[in-house]
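Report on one structure; see the data block that follows.
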Amino acid sequence: MIKRILIIGTGALATFYSIKLSKKFDVVILGTWDDGIQGINNGAILEEQSKSIKGNVKALKDWSSVKEADLTIWLTKSYKNVKLLSLSLIHI
């Protein structure tokens, strides 16, 4: 059963899906974009059909602070994948 989801990336798609999924799951975002991480941690809000939905999401920059997830969703630009994958291998 899926309880904890890790989303890799801090851009628009990652933020969108993190907010949507946080209604039913424990969602953590991991990324490298400082402004995105700060914005998510300050309370990212999704506006959908004239209503605002606040996500219950935590954003992190450090792989070592991530708890094991039941599902990982990778939503980054392709040029960032090598860097993020190499960082993840350090903590396996």
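Going through the structure tokens in order, the chains are called A, B, and so on, while each chain numbers its residues from 1 and the ligands are numbered from 1 in the order shown.
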
Pick out the residues sitting within 9 Å of segment 12-22 of chain A, and hand them over as a CSV table (one decimal) with C-alpha atoms, in the first residue's frame; count only C-alpha atoms, and ignore anything fewer than 4 positions along from it in its own chain.
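Saved to around.csv:
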chain,number,residue,atom,x,y,z
A,5,ILE,CA,5.4,9.6,-2.0
A,6,LEU,CA,8.7,11.3,-3.0
A,7,ILE,CA,8.6,13.6,-5.9
A,8,ILE,CA,11.9,14.6,-7.4
A,26,ASP,CA,2.3,11.9,2.7
A,27,VAL,CA,4.2,13.8,0.0
A,28,VAL,CA,7.8,15.1,0.1
A,29,ILE,CA,9.5,17.0,-2.8
A,36,GLY,CA,11.0,26.5,-5.4
A,40,ILE,CA,6.7,25.1,-1.4
A,44,ALA,CA,2.2,26.3,-2.1
A,45,ILE,CA,-1.4,26.9,-3.3
A,46,LEU,CA,-3.0,25.5,-6.3
A,53,ILE,CA,-6.1,24.3,-2.6
A,54,LYS,CA,-3.2,24.4,-0.1
A,55,GLY,CA,-0.9,21.5,-0.3
A,56,ASN,CA,0.4,19.7,2.8
A,57,VAL,CA,3.9,19.2,1.3
A,73,ILE,CA,7.9,10.2,-9.1
A,74,TRP,CA,10.7,11.8,-11.1
A,75,LEU,CA,9.6,15.2,-12.6
A,76,THR,CA,12.8,17.1,-13.6

Residues flagged alpha helix (DSSP H) by DSSP in chain A, as JSON, numbers by chain
{"A": [12, 13, 14, 15, 16, 17, 18, 19, 20, 21, 34, 35, 36, 37, 38, 39, 40, 41, 81, 82, 83, 84, 85, 86, 87, 88, 89, 90]}

Ranking A:Lys3, A:Leu71, A:Val66, A:Gly39 by minimum distance to Lys24 of chain A and counting only C-alpha atoms, which one comes first?
A:Lys3

I need the residues of segment 9-60 of chain A that end up classed as strand (DSSP E or B) by DSSP on the backbone, written out as a ChimeraX atom specification.
/A:26-30,45-48,51-54,57-60
